[in-house]
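Contents: one structure, followed by commentary.
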Amino acid sequence: MQLMVSDGIDRLGFLIHDVQRLMRKRFEARAGGLGLSSAQWRLMVRVAKEEGITQARLAELLEIEPISVSRLVDRMEESGWIERRSDAADRRVRMIFPTAKASEAYAEIKSLAGEVYEESLTGVSPQDRRILIKALEAMARNLADGETASSEKVESAEGAAA
């Protein structure tokens with residue numbers, strides 16, 4: 001049996017998972033006052049970023065069954081967070097849009113997320129932060145298998161806004 005010299009790469013998946021879990025837990029503790037479950041705020045963020053997203057695409061991005069997305073959308077629509085509209089080209093397709101209430105909450109969510117990010121990056125230099133982001137973006141591109149990575153969507157949206 002050959003001994004492997006480790007540069008920490010063998011822990012990469014565990015570290016990424018643990019950081020994501022801890023950040024989500026910290027965010028949920030702070031965002032609890034908004035009255036949204038974790039699944040609801042995840043859906044709302046996706047809808048705010050991609051207005052008119054279909055329920056099928058939401059299910060894919062959130063990695064939950066389409067029927068679960070439908071129930072989640074039902075509850076959020078009843079609470080005034082989102083609205084469904086039929087696609088003009090195909091009335092069977094339901095597109096989801098944020099309401100004014102959701103847009104206001106999204107701004108608060110972004111602020112809370114920023115606080116959690118800053119807290120998680122305490123002690124990490126600006127240069128190391130840029131390296132971390134570039135490395136994670138490269139990993140996402142390498143694993144995307146033709147699917148557009150979230151970071152690429154954000155970059156293209158920011159480029160279009162500039």
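Order determines the names: the first chain of the structure tokens is A, the second B, and so forth; residues in each chain are numbered 1 upward, and ligands are numbered 1 upward as they are shown.
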
> Where in region 2-158 of chain A does DSSP assign strand (DSSP E), given as number ranges by chain?
Replying inline: A: 53-54, 82-86, 94-98

> Can you tell me, as a PyMOL selection string, what residues are no more than 10 Å from Met76 (chain A) when counting only C-alpha atoms, ignoring any on the same chain fewer than 4 positions away?
Replying inline: chain A and resi 36+40-41+43-44+70-72+80-83+98+102

Counting only C-alpha atoms, what is within 10 Å of Gln55 (chain A), bar same-chain residues fewer than 4 positions away, as a CSV table (one decimal) with all heavy atoms, in the first residue's frame?
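File written: selection_22.csv
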```csv
chain,number,residue,atom,x,y,z
A,47,VAL,N,-35.9,32.9,-7.9
A,47,VAL,CA,-36.9,33.6,-8.7
A,47,VAL,C,-36.5,35.0,-8.8
A,47,VAL,O,-36.7,35.6,-9.9
A,47,VAL,CB,-38.3,33.5,-8.0
A,47,VAL,CG1,-39.3,34.4,-8.6
A,47,VAL,CG2,-38.8,32.0,-8.1
A,59,ALA,N,-37.2,23.2,-9.9
A,59,ALA,CA,-37.0,21.9,-9.4
A,59,ALA,C,-35.6,21.4,-9.6
A,59,ALA,O,-34.9,20.8,-8.7
A,59,ALA,CB,-38.0,20.9,-9.9
A,60,GLU,N,-35.1,21.6,-10.9
A,60,GLU,CA,-33.8,21.2,-11.2
A,60,GLU,C,-32.7,21.9,-10.4
A,60,GLU,O,-31.8,21.3,-9.9
A,60,GLU,CB,-33.6,21.4,-12.7
A,60,GLU,CG,-32.3,21.0,-13.3
A,60,GLU,CD,-32.1,21.4,-14.8
A,60,GLU,OE1,-33.1,21.3,-15.5
A,60,GLU,OE2,-31.0,21.7,-15.2
A,61,LEU,N,-32.8,23.2,-10.3
A,61,LEU,CA,-31.8,24.0,-9.6
A,61,LEU,C,-31.8,23.8,-8.1
A,61,LEU,O,-30.8,23.8,-7.5
A,61,LEU,CB,-32.0,25.5,-9.9
A,61,LEU,CG,-31.7,26.0,-11.3
A,61,LEU,CD1,-32.2,27.4,-11.5
A,61,LEU,CD2,-30.2,25.8,-11.7
A,66,PRO,N,-40.4,17.9,-8.8
A,66,PRO,CA,-41.3,18.9,-9.3
A,66,PRO,C,-42.6,19.1,-8.4
A,66,PRO,O,-43.1,20.2,-8.3
A,66,PRO,CB,-41.7,18.4,-10.7
A,66,PRO,CG,-40.4,17.6,-11.1
A,66,PRO,CD,-40.0,17.0,-9.8
A,67,ILE,N,-43.1,18.0,-7.9
A,67,ILE,CA,-44.3,18.1,-7.1
A,67,ILE,C,-44.1,18.9,-5.8
A,67,ILE,O,-44.9,19.7,-5.3
A,67,ILE,CB,-45.0,16.7,-6.8
A,67,ILE,CG1,-46.3,16.9,-6.1
A,67,ILE,CG2,-44.0,15.9,-5.9
A,67,ILE,CD1,-47.4,17.4,-7.0
A,69,VAL,N,-41.8,21.3,-5.6
A,69,VAL,CA,-41.7,22.7,-6.0
A,69,VAL,C,-43.1,23.3,-6.2
A,69,VAL,O,-43.4,24.4,-5.7
A,69,VAL,CB,-40.9,22.8,-7.3
A,69,VAL,CG1,-41.1,24.2,-7.9
A,69,VAL,CG2,-39.4,22.5,-7.0
A,70,SER,N,-44.0,22.5,-6.7
A,70,SER,CA,-45.4,22.9,-6.9
A,70,SER,C,-46.0,23.3,-5.6
A,70,SER,O,-46.7,24.4,-5.5
A,70,SER,CB,-46.2,21.9,-7.7
A,70,SER,OG,-47.5,22.4,-7.9
A,73,VAL,N,-44.4,26.5,-4.2
A,73,VAL,CA,-44.9,27.6,-5.0
A,73,VAL,C,-46.3,28.0,-4.5
A,73,VAL,O,-46.6,29.2,-4.4
A,73,VAL,CB,-44.7,27.4,-6.5
A,73,VAL,CG1,-45.5,28.5,-7.3
A,73,VAL,CG2,-43.3,27.4,-6.9
A,84,ARG,N,-47.5,33.2,-10.2
A,84,ARG,CA,-47.4,32.4,-11.4
A,84,ARG,C,-48.0,33.1,-12.6
A,84,ARG,O,-49.1,33.7,-12.5
A,84,ARG,CB,-48.1,31.1,-11.2
A,84,ARG,CG,-47.5,30.1,-10.2
A,84,ARG,CD,-48.4,28.8,-10.2
A,84,ARG,NE,-47.8,27.8,-9.5
A,84,ARG,CZ,-48.4,27.3,-8.4
A,84,ARG,NH1,-49.5,27.7,-7.9
A,84,ARG,NH2,-47.8,26.3,-7.7
A,93,VAL,N,-46.9,25.7,-19.5
A,93,VAL,CA,-45.7,26.1,-18.8
A,93,VAL,C,-46.0,27.2,-17.8
A,93,VAL,O,-46.6,28.2,-18.2
A,93,VAL,CB,-44.5,26.5,-19.7
A,93,VAL,CG1,-43.3,27.0,-18.9
A,93,VAL,CG2,-44.2,25.4,-20.6
A,94,ARG,N,-45.7,27.0,-16.5
A,94,ARG,CA,-45.9,28.1,-15.5
A,94,ARG,C,-44.6,28.7,-15.2
A,94,ARG,O,-43.6,28.1,-14.8
A,94,ARG,CB,-46.5,27.4,-14.3
A,94,ARG,CG,-47.8,26.6,-14.5
A,94,ARG,CD,-48.9,27.4,-14.9
A,94,ARG,NE,-49.5,28.0,-13.7
A,94,ARG,CZ,-50.4,28.9,-13.7
A,94,ARG,NH1,-50.9,29.4,-14.8
A,94,ARG,NH2,-50.8,29.4,-12.5
A,95,MET,N,-44.6,30.1,-15.4
A,95,MET,CA,-43.4,30.9,-15.0
A,95,MET,C,-43.6,31.5,-13.7
A,95,MET,O,-44.8,31.9,-13.4
A,95,MET,CB,-43.2,31.9,-16.2
A,95,MET,CG,-42.9,31.2,-17.5
A,95,MET,SD,-42.8,32.2,-19.0
A,95,MET,CE,-42.9,33.9,-18.4
A,96,ILE,N,-42.6,31.7,-13.0
A,96,ILE,CA,-42.7,32.3,-11.6
A,96,ILE,C,-42.0,33.6,-11.5
A,96,ILE,O,-40.8,33.8,-12.0
A,96,ILE,CB,-42.0,31.3,-10.6
A,96,ILE,CG1,-42.5,29.9,-10.8
A,96,ILE,CG2,-42.3,31.8,-9.2
A,96,ILE,CD1,-43.9,29.6,-10.6
```

> Per DSSP on the backbone, what are the helix (DSSP H, G or I) residues of region 56-147 of chain A, as a ChimeraX atom specification?
Replying inline: /A:56-62,66-78,100-120,126-143

>> Give me, as a PyMOL selection string, all polymer residues having an atom no more than 9 Å from region 105-111 of chain A, counting only C-alpha atoms and skipping those fewer than 5 positions away in the same chain.
In response: chain A and resi 27+31+34+41+44-45+48+100+116

> Which distance in Å separates CA of Glu65 (chain A) and CA of Glu50 (chain A), to one decimal?
Replying inline: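 Distance between the two atoms: 19.3 Å.
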
>> As an exercise, work out the distance from CA of Leu58 (chain A) to CA of Ala140 (chain A) in Å and give it to one decimal place.
In response: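 If I compute the distance from CA of Leu58 (chain A) to CA of Ala140 (chain A), I get 19.0 Å.
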
> Can you tell me how far CA of Asp18 (chain A) sits from CA of Glu63 (chain A), in Å to one decimal?
Replying inline: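 A separation of 18.7 Å between them.
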